[in-house]
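Peer 1: Input: one structure, supplied below.
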Amino acid sequence: MPKKTLMAGNIAIAEGAILAGCQAYFGYPITPQNEILEHMSKRMPEEGRVFMQTESELAAINMVYGAAATGYRAMTSTSSPGFSLEQEGISYMSGAELPGVIVNVMRGGPGLGNIGGAQGDYFQSTKGGGHGDYRIINLAPASVQEMMDFTMLAFELADKYRIPVVVLADGFLGQAMEPAVMREPVTELPGKAWAITGAQGRSKNIINSFEMEPVNFPSRVKLLLQKFDKIRRNEVRYEGLNLDDATLVIVAYGSASRSALTAMKMARQEGIPVGLFRPITLFPFPYEPLSNLAQRVNDFLVAELSLGQLIEDVKLAMGVDKRVELVNQYGGVPLSAEEILEAIKKMIKQPIGR
Amino acid sequence: MTKLETSELDTVLYRRPESLEDYHLHFCPGCGHGIVHRLIAEVVDELNIRERAVCVASIGCSVNVYHYLNFDGLESAHGRAPAVATAIKRCRPHLIPFTYQGDGDLAAIGTAEIVHACARGENITTIFVNNAIYGMTGGQMAPTTLIGMYSTSTPGGRKPPLSGYPIRVCEMLSTLDGPAYIARVSIHNPATVKKAKQAIKLAFRTQLAGLGMSLVEVLSPCPVNWRLEPVEALKWLTENMLPQYPLGEFKVIEAVAALKKGAGGA
Amino acid sequence: MHSARQPREATQTPKCSVDFCRPAGGRRGETLVAPRRRDSAYIIIDTERCKGCCLCISACPKGIIGLASHIDQMGHTPAAVIEEKAHECTGCTVCAIMCPDTAISVYRRAKVLASQTRNH
């Protein structure tokens, strides 16, 4: 029986990164993820790896770019305002096809917002908050164990596809304390012949995202698009609970899915057949599984900690004859199971149809 | 004119350095970048560090510098080159990363990154090409544009109440404890070009010896955007830029001074 | 003081302000070189690289470089060695040092061939 340790979500991310062989961490303090920076400042030097507190998130993402260019597994962590600053760097990494892990422990926004947990960066993270045609893989943990596991998965997918990967968590998960199993450390890292390691015994390597002649650029973007299609085909992940007999399905990720889980159990106790569909990859979004589900389920309730962002993807997945409602909180305030249950009850009371 | 063959027995007094690729440069006639690219290639060859050198390009006319240099290179976002070079050096300390930045990249958007790389005393090198104008985008005001100087965004000449004052980067950065070697040079005549090469070589030697941050600012002409013939542009540089940006060494720590005096010289 | 410099009117014909230029001859496409003399240094200008910026002309202490009599495809008038002055080249290399396009290579004739020089 593997040993379980009580730890905070933020610490699980940090330890997960170290287990995954993260060789360089660059970060800047911002609540509610300071624990990641502080923990890494102690642990990375212990492991003989690179740690730096940078002068800004702008510098941090560009250092991830530089470290990734040398072939190192590199990571940064931040929260929503810092994530905005990192968009340019993420666009550059996508264009240059550099792997890297960016942890965004979301907080209330827009602007300086609030230090409470939220899910208001969904659009920014999954639709591309930076400029240009690109996508980045988004993993959404919903427990402290998943904070660790998905950070490890993030490094693996980043290297597999030469793409930035976001671990999209929120402030509640970052602070939550739960028992988690320490996974086995990754011992073998993939080789990277394209990396900047000094032109010894080979011709020079160049890493860039720029094409002076416009006519040459579309073919470059096309290669990216082919990569995204491959990711869409192969890397979709989600979790379904009690879907077989459900007549109403809650769709939620992250902290909101924890409240939704409790709401589902409460509803079941009252005899309402509710299921839970939890996307794990927000990109590639599980459109197909959701759309299949919509063949036999007519009522969907999206529970999220934002004004309504995930709901747009849910609506996209299904036809116009499905009812998709929203129950939400925003600005850093948590969503309770009771609020979700109330919304469920309200929804089933209303007759179906427009 | 009589056409003539050269003999292999003839002594080569000057030829394109190995680390400079055999491509035609895209720069405007008389642009200083061509000279600086070549000096870096010469220094890399003389120090025999081609297999360790990494060129971190920046945004500006020099965005393609890695195409012209025959060793590893990469692009960086506007102003961020010192951060990228920092990570490269911290991750793989045997590499010799250097940033190649213009006055817009380093002194406008990149002020935070260069200040902090210097403050940390990162063991990297920065080659800062200062032509007091934004070249790539067509001649707008730069942080180093002189007072009264014409630019497309200061058509009546730069005026302080509206556009502030030019920044003296070397003077500013030399107040920090981190840098090991900061120098300002020029390339307006053969003597200054030779001195520029010496400074660049000393900067790379500073990094090789692990002594800390080195930065060389190179005053350079931009004939097209200064709206001057190349030879006139060099004259304008000596008359107008040298008083504002005096040449010299602004920070030389003891260890670097010893390096300069030691065997091999600068 | 730094006077504001206004952009040139489009109708004005740009004139080279360098008054020491002399036409050096040479036909289109030819790489112009100095003829050999005993122990002399000589330069080779790659006219396809040369953009006619005149920095080498300005730098040469002997004034052996001028402008060619043709314009290349990019609209540049490349630099070229003035034939009657070519023998004065001392191999100081300042022309190559000032060239932004690395268009100039500088050589010194091998002594062993000095006796085999044909008269030009």
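Each chain in the structure tokens gets a letter, A, B and so on, in the order shown; residues start at 1 in every chain, and ligands are counted from 1 in the order they appear.
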What residues in chain B lie within 9 Å of chain A, counting only C-alpha atoms, written as a short mmCIF file (atom, residue, chain, number, x, y, z; two decimals) with C-alpha atoms, in the first residue's frame?
Peer 2:
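Printed below is result24.cif as written:
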data_model
loop_
_atom_site.label_atom_id
_atom_site.label_comp_id
_atom_site.auth_asym_id
_atom_site.auth_seq_id
_atom_site.Cartn_x
_atom_site.Cartn_y
_atom_site.Cartn_z
CA ARG B 50 32.15 28.35 -31.96
CA GLU B 51 30.83 25.11 -30.49
CA ARG B 52 29.78 26.78 -27.26
CA ALA B 53 28.52 30.13 -28.47
CA VAL B 54 24.79 30.81 -28.54
CA VAL B 63 16.34 39.86 -35.86
CA ASN B 64 18.00 37.50 -38.32
CA TYR B 66 21.47 33.88 -36.11
CA HIS B 67 21.18 33.27 -39.86
CA ASN B 70 27.56 29.94 -37.93
CA PHE B 71 26.67 28.65 -34.46
CA ASP B 72 23.54 27.92 -32.39
CA GLY B 73 21.10 30.77 -32.15
CA LEU B 74 17.55 31.59 -31.24
CA GLU B 75 14.98 34.30 -31.42
CA SER B 76 13.64 36.06 -28.35
CA ALA B 77 10.65 38.30 -27.72
CA ARG B 80 13.47 39.60 -23.25
CA ALA B 81 16.81 38.43 -24.59
CA PRO B 82 18.66 38.85 -21.26
CA ALA B 83 16.06 36.63 -19.58
CA VAL B 84 16.44 33.97 -22.27
CA ALA B 85 20.24 34.15 -22.08
CA THR B 86 20.06 33.93 -18.28
CA ALA B 87 18.13 30.67 -18.47
CA ILE B 88 20.50 29.23 -21.07
CA LYS B 89 23.53 30.01 -18.91
CA ARG B 90 21.93 28.75 -15.70
CA CYS B 91 20.84 25.51 -17.35
CA ARG B 92 23.95 24.82 -19.42
CA HIS B 94 29.40 25.62 -20.48
CA LEU B 95 27.52 27.45 -23.25
CA ILE B 96 28.49 31.05 -24.05
CA ALA B 112 13.63 45.48 -16.69
CA GLU B 113 15.35 42.44 -18.15
CA HIS B 116 17.98 42.59 -13.54
#
Peer 1: Excluding same-chain residues fewer than 2 positions from Val221 of chain A, what lies within 10 Å of it counting only C-alpha atoms, as a list in words?
Peer 2: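 What passes the distance filter is Gly95, Gly132, Asp133, Tyr134, Ser209, Asn216, Phe217, Pro218, Ser219, Leu223, Leu224, Leu225, Gln226 and Lys227 of chain A.
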Peer 1: Run DSSP on the backbone of this structure and report the residues of segment 44-128 of chain A it assigns to strand (DSSP E), as a list in words.
Peer 2: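 Restricting segment 44-128 of chain A to strand (DSSP E) produces Val50, Phe51, Met52, Gln53, Ala74, Met75, Thr76, Ser77, Thr78, Gly100, Val101, Ile102, Val103, Asn104, Val105, Met106, Arg107, Gly108, Asn114, Ile115, Gly116 and Gly117 of chain A.
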Peer 1: Can you write just those residues out, C-alpha atoms, as an mmCIF file, in the first residue's frame?
Peer 2:
data_model
loop_
_atom_site.group_PDB
_atom_site.id
_atom_site.type_symbol
_atom_site.label_atom_id
_atom_site.label_comp_id
_atom_site.auth_asym_id
_atom_site.auth_seq_id
_atom_site.Cartn_x
_atom_site.Cartn_y
_atom_site.Cartn_z
ATOM 1 C CA VAL A 50 17.981 25.387 -11.495
ATOM 2 C CA PHE A 51 15.747 27.687 -9.463
ATOM 3 C CA MET A 52 15.246 31.403 -9.981
ATOM 4 C CA GLN A 53 12.914 34.001 -8.617
ATOM 5 C CA ALA A 74 11.265 23.848 -17.538
ATOM 6 C CA MET A 75 8.317 25.242 -15.651
ATOM 7 C CA THR A 76 6.827 28.400 -14.292
ATOM 8 C CA SER A 77 3.852 28.927 -12.016
ATOM 9 C CA THR A 78 1.679 31.960 -11.618
ATOM 10 C CA GLY A 100 7.208 23.813 -21.237
ATOM 11 C CA VAL A 101 4.797 23.687 -18.318
ATOM 12 C CA ILE A 102 2.900 26.713 -17.099
ATOM 13 C CA VAL A 103 0.881 26.378 -13.918
ATOM 14 C CA ASN A 104 -1.958 28.870 -13.530
ATOM 15 C CA VAL A 105 -3.561 28.820 -10.087
ATOM 16 C CA MET A 106 -6.506 30.980 -11.095
ATOM 17 C CA ARG A 107 -7.869 33.776 -8.944
ATOM 18 C CA GLY A 108 -10.708 36.295 -9.223
ATOM 19 C CA ASN A 114 -9.200 38.962 -5.846
ATOM 20 C CA ILE A 115 -6.987 36.332 -4.282
ATOM 21 C CA GLY A 116 -9.817 33.802 -3.975
ATOM 22 C CA GLY A 117 -10.062 30.889 -6.399
#
Peer 1: Taking only C-alpha atoms into account, which residues of chain B are within 6 Å of chain C, as number ranges by chain?
Peer 2: B: 9-15, 24, 29-30, 34-35, 148-150, 157, 190, 230-231
Peer 1: Expressed in Å to a single decimal, how great is the separation between atom CA of Lys322 of chain A and atom CA of Asn298 of chain A?
Peer 2: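 Between atom CA of Lys322 of chain A and atom CA of Asn298 of chain A the gap works out to 5.2 Å.
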Peer 1: Taking 2 positions as the minimum chain separation for residues in the same chain, which residues sit within 8 Å of Leu19 of chain A when counting only C-alpha atoms? Answer as a PyMOL selection string.
Peer 2: chain A and resi 15-17+21-22+152+183-186
Peer 1: Once you have the residues from the selection above, write them out as an mmCIF file, in the first residue's frame, restricted to N, CA and C atoms.
Peer 2:
data_model
loop_
_atom_site.group_PDB
_atom_site.id
_atom_site.type_symbol
_atom_site.label_atom_id
_atom_site.label_comp_id
_atom_site.auth_asym_id
_atom_site.auth_seq_id
_atom_site.Cartn_x
_atom_site.Cartn_y
_atom_site.Cartn_z
ATOM 1 N N GLU A 15 6.051 19.163 -6.005
ATOM 2 C CA GLU A 15 6.667 17.834 -5.899
ATOM 3 C C GLU A 15 6.450 17.036 -7.174
ATOM 4 N N GLY A 16 5.284 17.200 -7.781
ATOM 5 C CA GLY A 16 5.022 16.515 -9.050
ATOM 6 C C GLY A 16 6.021 16.928 -10.118
ATOM 7 N N ALA A 17 6.328 18.224 -10.156
ATOM 8 C CA ALA A 17 7.297 18.718 -11.137
ATOM 9 C C ALA A 17 8.657 18.081 -10.906
ATOM 10 N N GLY A 21 11.023 15.261 -13.255
ATOM 11 C CA GLY A 21 12.335 15.594 -13.792
ATOM 12 C C GLY A 21 12.460 17.028 -14.242
ATOM 13 N N CYS A 22 11.610 17.927 -13.693
ATOM 14 C CA CYS A 22 11.719 19.339 -14.025
ATOM 15 C C CYS A 22 13.121 19.810 -13.665
ATOM 16 N N MET A 152 2.904 16.041 -13.657
ATOM 17 C CA MET A 152 3.799 15.063 -14.281
ATOM 18 C C MET A 152 3.367 14.780 -15.713
ATOM 19 N N ARG A 183 4.335 9.760 -6.231
ATOM 20 C CA ARG A 183 4.556 8.862 -7.364
ATOM 21 C C ARG A 183 6.034 8.544 -7.550
ATOM 22 N N GLU A 184 6.272 7.577 -8.421
ATOM 23 C CA GLU A 184 7.662 7.223 -8.727
ATOM 24 C C GLU A 184 8.301 8.302 -9.589
ATOM 25 N N PRO A 185 9.546 8.645 -9.305
ATOM 26 C CA PRO A 185 10.176 9.683 -10.144
ATOM 27 C C PRO A 185 10.453 9.170 -11.558
ATOM 28 N N VAL A 186 10.369 10.082 -12.525
ATOM 29 C CA VAL A 186 10.696 9.762 -13.914
ATOM 30 C C VAL A 186 12.212 9.701 -14.030
#
Peer 1: Mind checking which residues fall within 7 Å of Ala158 of chain A, counting only C-alpha atoms, ignoring those fewer than 6 positions away in the same chain, and posting them as a JSON list (two decimals) with C-alpha atoms, in the first residue's frame?
Peer 2:
[["chain", "number", "residue", "atom", "x", "y", "z"],
["A", 99, "PRO", "CA", 7.90, 22.34, -24.64],
["A", 100, "GLY", "CA", 7.21, 23.81, -21.24],
["A", 164, "PRO", "CA", 3.46, 24.44, -23.92],
["A", 165, "VAL", "CA", 1.08, 22.74, -21.50]]
Peer 1: Could you write out, as a PyMOL selection string, all the residues of segment 203-351 of chain A that DSSP marks as alpha helix (DSSP H)?
Peer 2: chain A and resi 217-234+254-269+287-293+310-317+337-349
Peer 1: Measure the distance from atom CA of Ala14 of chain A to atom CA of Pro93 of chain B in Å and round it to one decimal.
Peer 2: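 Atom-to-atom, atom CA of Ala14 of chain A and atom CA of Pro93 of chain B are spaced 24.3 Å apart.
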Peer 1: Any idea what's packed within 7 Å of Val256 of chain B, counting only C-alpha atoms, ignoring anything in its chain fewer than 5 positions away? Could you give it as a compact mmCIF listing (two decimals) with N, CA and C atoms, in the first residue's frame?
Peer 2:
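Everything below was put into selection07.txt:
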# COMPACT_ATOMS: atom_id res chain seq x y z
N ALA B 180 30.43 43.07 -14.41
CA ALA B 180 31.88 42.98 -14.28
C ALA B 180 32.58 43.88 -15.29
N TYR B 181 31.94 44.07 -16.45
CA TYR B 181 32.60 44.86 -17.49
C TYR B 181 31.54 45.57 -18.31
N THR B 206 35.49 37.81 -20.35
CA THR B 206 34.92 37.96 -19.01
C THR B 206 33.97 36.81 -18.73
